Amino acid sequence: MYEDFGQFIDGKWCNGNGLERINVTDPGNGKCLGGIQAASESDTLAALSAAEKAFPTWKALQAWARADLLQAVAREMTLAAQQAARVISLESGKPLAQAKREWELSTDQFVWYAEEARRLYGRVVESRVPGGRCEILHEPVGVVAAFTAWNFPVVLVARKLAPALAAGCTVVLRPSSEVPGSAMMIFECLRKAGIPDGVANLVVGPTSATYTPLMASPVVRKISLTGSTQLGQQMIRDSANTIKRLSMELGGNAPVIIFPDADLEKALDLSVATKFANAGQVCVTGDRFYVHESLYSAFVDGFASRARKLKVGYGQDDDTAMGPLINARRLEAIERIVADARSKGGRVVTGGERLSINNGFFYAPTVIADLPDDALALAEENFGPVAAITSFSSHDELWQRVNNSDFALSAYAFTRDPALIRETVSRFESGMVGINSYALAAAEVPFGGIKASGMGREGGSEGILDYMNVKLAQIVL
């Protein structure tokens, strides 16, 4: 597959001119899936030049015409769904059913933002000047540089491409080198749909050849990132000289509160399915569970019982419920987190070990109870198949513990008390809150965090505004 694609610059697939070759590993068996020649700095600059050249024409294109093209992209994605799901599963290791769902959610982004392109309303405000009026207009910010992570290799790309293109921006996107083929599948759909040359460009390569020239260029007016908080902090520093607009979806460490009146079986069924989806490599997954003491033992036992029943295996196998971690580094990181939990008195109820499957990067679904708040499994994002569970008794103690984190992307609670629901939504310090549900990610609603979890939003009517400048016109006749 990789030999058919490569870099996508100015409407054409081409080979990179970098010195190194990027080889992609199947995390389910450790084998090489294939590779491409990396982009060089000159390739990135060529992509940037193409985006700059295409911007005036794309900006001037009627929003209705941009919308029609995005709808065409969605149709091409629907046709490519089966092949794309296989590529996603091979590169990321996630089960095929989860890969199919991710492609569907990515398609939704283009459908939604095709419609949003037609709804770029300004507004008119009464002027204080006699005979005048104030018009507030929205205009595309310009050339966008977008950077995506490996854990959701297509939906993260779609969340950036669809609103940027709908707004009238042009894009240079740099995906993770762990999963480049998944991004290539979307760009092939863009090509087939007839997106004009230079409007969307893809470069895959090392930091020095891709990240550095994009961050340094004054042509890039907007940066969009999904990645680690550390990378986000570096981007803020690197963008200062050229004062680029930034939107970032960074790390998470989501708390889950199980109140005493919760529907225990529902909470367990949803929590286990969500926690171990994509082997826990999900920024909004529940990481740290605060369970009322009256339900604590039953919750721990129920979580562990369900975790033991999950079929761990190769993502392409139909009965696989949880696949591998992305690479050996993630395996080692999870081992450190579990070792720290044990050293601080945590009780590993199930899991806590590597699994020997196909020479892949597999770790058992793990449930750890009786953890102190300073254990890494509670204090930091574990980004793996580890459910860290602790108990609480009083509400006052609970909120201080729950909100004592630099991360504030998502938070969840299970309760049937309407008054407690309203209090919980208010008291959570988080960009997103789920009550009796983990379903936060959809094209029609804003997705993003606060504090060290980022800034800006993707999705919903809010998502397109991050790619628009606001202009005031005071008009006197």
# chains A, B, ... in the order shown; residues from 1 in each chain; ligands from 1
$ residues_around --residues "Met77 of chain A" --least-positions-apart "3" --cutoff "7 Å" --atoms "only C-alpha atoms" --output "ChimeraX atom specification"
/A:73-74,80-81,107,189
$ select_by_dssp --residues "segment 135-348 of chain A" --states "alpha helix (DSSP H)" --output "number ranges by chain"
A: 155-167, 180-193, 211-216, 229-238, 264-275, 296-308, 328-343
$ write_last_selection --atoms "C-alpha atoms" --output "compact mmCIF listing (two decimals), in the first residue's frame"
# COMPACT_ATOMS: atom_id res chain seq x y z
CA VAL A 155 -10.45 10.60 13.30
CA LEU A 156 -7.76 12.99 14.56
CA VAL A 157 -6.88 13.82 10.95
CA ALA A 158 -10.54 14.33 10.01
CA ARG A 159 -11.16 16.60 13.00
CA LYS A 160 -8.54 18.97 11.64
CA LEU A 161 -8.99 18.69 7.91
CA ALA A 162 -12.78 18.95 7.75
CA PRO A 163 -13.26 22.21 9.72
CA ALA A 164 -10.15 23.83 8.25
CA LEU A 165 -11.26 23.12 4.68
CA ALA A 166 -14.85 24.13 5.44
CA ALA A 167 -13.62 27.46 6.81
CA PRO A 180 0.98 7.08 8.14
CA GLY A 181 -1.07 4.78 5.94
CA SER A 182 -4.28 5.61 7.78
CA ALA A 183 -3.85 9.31 7.03
CA MET A 184 -2.97 8.46 3.43
CA MET A 185 -6.34 6.75 3.06
CA ILE A 186 -8.11 10.03 3.85
CA PHE A 187 -5.91 12.01 1.48
CA GLU A 188 -6.62 9.55 -1.31
CA CYS A 189 -10.34 10.22 -0.73
CA LEU A 190 -9.63 13.96 -0.93
CA ARG A 191 -7.85 13.43 -4.24
CA LYS A 192 -10.64 11.31 -5.68
CA ALA A 193 -13.24 13.85 -4.55
CA TYR A 211 7.81 20.20 12.37
CA THR A 212 10.68 22.69 12.43
CA PRO A 213 10.05 24.43 9.07
CA LEU A 214 6.30 24.60 9.67
CA MET A 215 6.67 26.16 13.10
CA ALA A 216 9.25 28.66 11.88
CA THR A 229 1.09 18.14 26.99
CA GLN A 230 4.89 18.35 26.77
CA LEU A 231 4.71 18.76 22.99
CA GLY A 232 1.97 21.35 23.37
CA GLN A 233 4.12 23.38 25.73
CA GLN A 234 6.99 23.23 23.24
CA MET A 235 4.69 24.37 20.43
CA ILE A 236 3.56 27.38 22.43
CA ARG A 237 7.18 28.41 22.85
CA ASP A 238 8.06 27.70 19.20
CA LEU A 264 -23.81 -0.54 39.39
CA GLU A 265 -24.24 -2.98 36.52
CA LYS A 266 -24.58 -0.20 33.94
CA ALA A 267 -21.56 1.61 35.36
CA LEU A 268 -19.48 -1.56 35.20
CA ASP A 269 -20.55 -2.57 31.70
CA LEU A 270 -19.85 0.88 30.25
CA SER A 271 -16.65 1.46 32.23
CA VAL A 272 -14.98 -1.83 31.30
CA ALA A 273 -15.86 -1.52 27.61
CA THR A 274 -14.58 2.06 27.50
CA LYS A 275 -11.47 1.57 29.63
CA TYR A 296 -16.38 -0.34 46.47
CA SER A 297 -15.94 -4.10 46.89
CA ALA A 298 -18.69 -4.95 44.42
CA PHE A 299 -17.30 -2.50 41.86
CA VAL A 300 -13.74 -3.84 42.12
CA ASP A 301 -14.89 -7.45 41.87
CA GLY A 302 -17.24 -6.71 38.98
CA PHE A 303 -14.59 -4.75 37.07
CA ALA A 304 -12.02 -7.52 37.48
CA SER A 305 -14.50 -10.25 36.53
CA ARG A 306 -15.42 -8.48 33.30
CA ALA A 307 -11.79 -7.68 32.49
CA ARG A 308 -10.79 -11.33 32.77
CA ALA A 328 7.51 -1.59 23.07
CA ARG A 329 7.88 1.84 24.71
CA ARG A 330 4.24 1.79 25.79
CA LEU A 331 4.68 -1.70 27.22
CA GLU A 332 7.62 -0.51 29.30
CA ALA A 333 5.70 2.56 30.45
CA ILE A 334 2.77 0.44 31.64
CA GLU A 335 5.11 -1.90 33.46
CA ARG A 336 6.59 1.07 35.34
CA ILE A 337 3.11 2.28 36.32
CA VAL A 338 2.08 -1.14 37.61
CA ALA A 339 5.38 -1.60 39.48
CA ASP A 340 4.88 1.80 41.13
CA ALA A 341 1.35 0.81 42.16
CA ARG A 342 2.60 -2.39 43.76
CA SER A 343 5.37 -0.54 45.59
$ atom_distance --atom1 "atom CA of Thr148 of chain A" --atom2 "atom CA of Lys471 of chain A"
29.4 Å
$ atom_distance --atom1 "atom CA of Gly16 of chain A" --atom2 "atom CA of Ser177 of chain A"
13.2 Å
$ residues_around --residues "segment 66-68 of chain A" --least-positions-apart "6" --cutoff "9 Å" --atoms "only C-alpha atoms" --output "NGL selection string"
:A and (58 or 110-111 or 113-118 or 165-168 or 195)
$ write_last_selection --atoms "C-alpha atoms" --output "compact mmCIF listing (two decimals), in the first residue's frame"
# COMPACT_ATOMS: atom_id res chain seq x y z
CA TRP A 58 -9.87 28.33 -1.95
CA PHE A 110 -16.74 15.77 6.64
CA VAL A 111 -20.53 15.49 6.47
CA TYR A 113 -18.51 20.44 8.32
CA ALA A 114 -19.88 20.39 4.80
CA GLU A 115 -23.07 21.70 6.38
CA GLU A 116 -21.21 24.08 8.70
CA ALA A 117 -19.51 25.65 5.67
CA ARG A 118 -22.98 26.86 4.65
CA LEU A 165 -11.26 23.12 4.68
CA ALA A 166 -14.85 24.13 5.44
CA ALA A 167 -13.62 27.46 6.81
CA GLY A 168 -11.64 28.16 3.63
CA ILE A 195 -10.13 18.83 -3.81
$ residues_around --residues "Ile389 of chain A" --least-positions-apart "4" --cutoff "8 Å" --atoms "only C-alpha atoms" --output "VMD selection string"
chain A and resid 288 to 291 300 367 to 371
$ closest_residue --among "A:Pro446, A:Gly34, A:Gly459, A:Gly6" --to "Asn201 of chain A" --atoms "only C-alpha atoms"
A:Gly6
$ closest_residue --among "A:Asp261, A:Glu380, A:Glu91, A:Glu353" --to "Cys283 of chain A" --atoms "only C-alpha atoms"
A:Glu380
$ select_by_dssp --residues "segment 197-242 of chain A" --states "strand (DSSP E)" --output "list of chain:residue names"
A:Ala200, A:Asn201, A:Leu202, A:Val220, A:Arg221, A:Lys222, A:Ile223, A:Ser224, A:Leu225, A:Thr226
$ write_last_selection --atoms "C-alpha atoms" --output "PDB file, in the first residue's frame"
ATOM      1  CA  ALA A 200      -4.564  19.781   1.447  1.00  0.00           C
ATOM      2  CA  ASN A 201      -1.002  18.448   1.718  1.00  0.00           C
ATOM      3  CA  LEU A 202       0.532  15.544   3.646  1.00  0.00           C
ATOM      4  CA  VAL A 220       1.551  29.258   8.760  1.00  0.00           C
ATOM      5  CA  ARG A 221      -1.062  31.251  10.651  1.00  0.00           C
ATOM      6  CA  LYS A 222      -2.648  28.478  12.660  1.00  0.00           C
ATOM      7  CA  ILE A 223      -1.407  25.345  14.446  1.00  0.00           C
ATOM      8  CA  SER A 224      -3.657  22.441  15.403  1.00  0.00           C
ATOM      9  CA  LEU A 225      -2.231  19.642  17.545  1.00  0.00           C
ATOM     10  CA  THR A 226      -3.372  16.416  19.100  1.00  0.00           C
TER      11      THR A 226
END
$ closest_residue --among "A:Trp399, A:Phe361, A:Trp112, A:Phe407" --to "Gly384 of chain A" --atoms "only C-alpha atoms"
A:Phe361
$ closest_residue --among "A:Val386, A:Val312, A:Ala441, A:Ala146" --to "Asn358 of chain A" --atoms "only C-alpha atoms"
A:Val312
$ atom_distance --atom1 "atom CA of Leu33 of chain A" --atom2 "atom CA of Trp150 of chain A"
15.6 Å
$ residues_around --residues "Cys169 of chain A" --least-positions-apart "3" --cutoff "7 Å" --atoms "only C-alpha atoms" --output "list in words"
Phe55, Lys59, Pro140, Val141, Gly142, Val143, Val144, Ala164 and Leu165 of chain A
$ closest_residue --among "A:Asn17, A:Asn253, A:Asn404, A:Ser453" --to "Ala388 of chain A" --atoms "only C-alpha atoms"
A:Asn253
$ residues_around --residues "Val445 of chain A" --least-positions-apart "4" --cutoff "12 Å" --atoms "only C-alpha atoms" --output "list in words"
Asp108, Gln109, Trp112, Tyr113, Arg159, Met432, Ala439, Leu440, Ala441, Arg457, Glu458, Gly459, Gly460, Ser461, Glu462, Gly463 and Ile464 of chain A
$ write_last_selection --atoms "all heavy atoms" --output "short mmCIF file (atom, residue, chain, number, x, y, z; two decimals), in the first residue's frame"
data_model
loop_
_atom_site.label_atom_id
_atom_site.label_comp_id
_atom_site.auth_asym_id
_atom_site.auth_seq_id
_atom_site.Cartn_x
_atom_site.Cartn_y
_atom_site.Cartn_z
N ASP A 108 -18.18 11.20 9.37
CA ASP A 108 -19.13 12.15 9.96
C ASP A 108 -18.58 13.56 10.02
O ASP A 108 -19.32 14.54 9.86
CB ASP A 108 -19.50 11.72 11.38
CG ASP A 108 -20.44 10.53 11.43
OD1 ASP A 108 -20.99 10.16 10.37
OD2 ASP A 108 -20.63 9.98 12.53
N GLN A 109 -17.28 13.69 10.27
CA GLN A 109 -16.67 15.01 10.37
C GLN A 109 -16.83 15.78 9.05
O GLN A 109 -17.14 16.98 9.05
CB GLN A 109 -15.19 14.90 10.73
CG GLN A 109 -14.90 14.35 12.11
CD GLN A 109 -15.20 15.34 13.22
OE1 GLN A 109 -15.10 16.56 13.02
NE2 GLN A 109 -15.56 14.84 14.38
N TRP A 112 -20.58 16.72 8.57
CA TRP A 112 -20.98 17.80 9.47
C TRP A 112 -20.42 19.14 9.00
O TRP A 112 -21.15 20.14 8.90
CB TRP A 112 -20.53 17.50 10.90
CG TRP A 112 -20.76 18.66 11.83
CD1 TRP A 112 -19.84 19.58 12.24
CD2 TRP A 112 -21.99 19.04 12.45
NE1 TRP A 112 -20.41 20.50 13.08
CE2 TRP A 112 -21.73 20.19 13.22
CE3 TRP A 112 -23.28 18.52 12.43
CZ2 TRP A 112 -22.72 20.83 13.97
CZ3 TRP A 112 -24.27 19.16 13.18
CH2 TRP A 112 -23.99 20.29 13.93
N TYR A 113 -19.13 19.16 8.68
CA TYR A 113 -18.51 20.44 8.32
C TYR A 113 -18.85 20.88 6.90
O TYR A 113 -18.73 22.07 6.58
CB TYR A 113 -17.02 20.41 8.60
CG TYR A 113 -16.76 20.63 10.07
CD1 TYR A 113 -16.31 19.60 10.89
CD2 TYR A 113 -17.04 21.87 10.64
CE1 TYR A 113 -16.13 19.80 12.24
CE2 TYR A 113 -16.86 22.07 12.00
CZ TYR A 113 -16.41 21.04 12.79
OH TYR A 113 -16.25 21.25 14.14
N ARG A 159 -10.75 15.48 12.14
CA ARG A 159 -11.16 16.60 13.00
C ARG A 159 -10.43 17.89 12.67
O ARG A 159 -10.89 18.97 13.02
CB ARG A 159 -10.89 16.24 14.47
CG ARG A 159 -11.93 15.36 15.12
CD ARG A 159 -11.53 15.15 16.56
NE ARG A 159 -12.43 14.23 17.25
CZ ARG A 159 -12.16 13.69 18.43
NH1 ARG A 159 -11.01 13.98 19.04
NH2 ARG A 159 -13.02 12.89 19.00
N MET A 432 -15.03 18.57 29.38
CA MET A 432 -16.18 17.74 29.00
C MET A 432 -16.58 16.87 30.18
O MET A 432 -15.74 16.42 30.95
CB MET A 432 -15.81 16.84 27.81
CG MET A 432 -15.41 17.60 26.56
SD MET A 432 -14.93 16.51 25.19
CE MET A 432 -13.34 15.91 25.77
N ALA A 439 -20.02 8.74 26.15
CA ALA A 439 -20.12 9.14 24.74
C ALA A 439 -19.96 10.65 24.59
O ALA A 439 -20.94 11.40 24.56
CB ALA A 439 -21.45 8.68 24.17
N LEU A 440 -18.72 11.11 24.48
CA LEU A 440 -18.44 12.54 24.35
C LEU A 440 -18.01 12.94 22.95
O LEU A 440 -18.10 14.11 22.59
CB LEU A 440 -17.34 12.94 25.34
CG LEU A 440 -17.65 12.77 26.83
CD1 LEU A 440 -16.44 13.20 27.66
CD2 LEU A 440 -18.87 13.57 27.23
N ALA A 441 -17.50 12.01 22.16
CA ALA A 441 -16.89 12.36 20.87
C ALA A 441 -17.89 12.16 19.74
O ALA A 441 -18.28 11.03 19.43
CB ALA A 441 -15.65 11.50 20.63
N ARG A 457 -11.40 24.01 20.56
CA ARG A 457 -12.33 22.89 20.46
C ARG A 457 -12.34 22.33 19.05
O ARG A 457 -12.14 23.05 18.07
CB ARG A 457 -13.74 23.33 20.84
CG ARG A 457 -13.92 23.68 22.32
CD ARG A 457 -13.70 22.46 23.20
NE ARG A 457 -13.88 22.74 24.62
CZ ARG A 457 -12.91 23.11 25.44
NH1 ARG A 457 -11.68 23.29 24.97
NH2 ARG A 457 -13.15 23.32 26.72
N GLU A 458 -12.59 21.02 18.97
CA GLU A 458 -12.80 20.34 17.69
C GLU A 458 -14.18 19.74 17.72
O GLU A 458 -14.59 19.14 18.71
CB GLU A 458 -11.74 19.26 17.46
CG GLU A 458 -10.34 19.82 17.31
CD GLU A 458 -9.28 18.77 17.03
OE1 GLU A 458 -9.41 17.65 17.58
OE2 GLU A 458 -8.36 19.07 16.26
N GLY A 459 -14.92 19.89 16.61
CA GLY A 459 -16.28 19.39 16.56
C GLY A 459 -17.29 20.48 16.88
O GLY A 459 -16.97 21.51 17.48
N GLY A 460 -18.52 20.24 16.47
CA GLY A 460 -19.59 21.17 16.74
C GLY A 460 -19.46 22.47 15.97
O GLY A 460 -18.54 22.67 15.18
N SER A 461 -20.39 23.38 16.22
CA SER A 461 -20.32 24.69 15.60
C SER A 461 -19.10 25.46 16.07
O SER A 461 -18.58 26.32 15.36
CB SER A 461 -21.59 25.49 15.92
OG SER A 461 -22.74 24.82 15.42
N GLU A 462 -18.63 25.14 17.29
CA GLU A 462 -17.45 25.82 17.83
C GLU A 462 -16.18 25.46 17.09
O GLU A 462 -15.25 26.26 17.01
CB GLU A 462 -17.29 25.47 19.32
CG GLU A 462 -18.39 25.97 20.23
CD GLU A 462 -19.63 25.08 20.22
OE1 GLU A 462 -19.64 24.05 19.50
OE2 GLU A 462 -20.59 25.41 20.94
N GLY A 463 -16.11 24.23 16.55
CA GLY A 463 -14.86 23.74 15.96
C GLY A 463 -14.38 24.54 14.78
O GLY A 463 -13.18 24.74 14.60
N ILE A 464 -15.30 25.04 13.97
CA ILE A 464 -14.89 25.78 12.77
C ILE A 464 -14.38 27.17 13.12
O ILE A 464 -13.58 27.76 12.39
CB ILE A 464 -16.05 25.85 11.75
CG1 ILE A 464 -15.52 26.16 10.34
CG2 ILE A 464 -17.12 26.85 12.20
CD1 ILE A 464 -16.56 25.97 9.26
#
$ closest_residue --among "A:Leu105, A:Val172, A:Leu355, A:Val199" --to "Thr57 of chain A" --atoms "only C-alpha atoms"
A:Val199
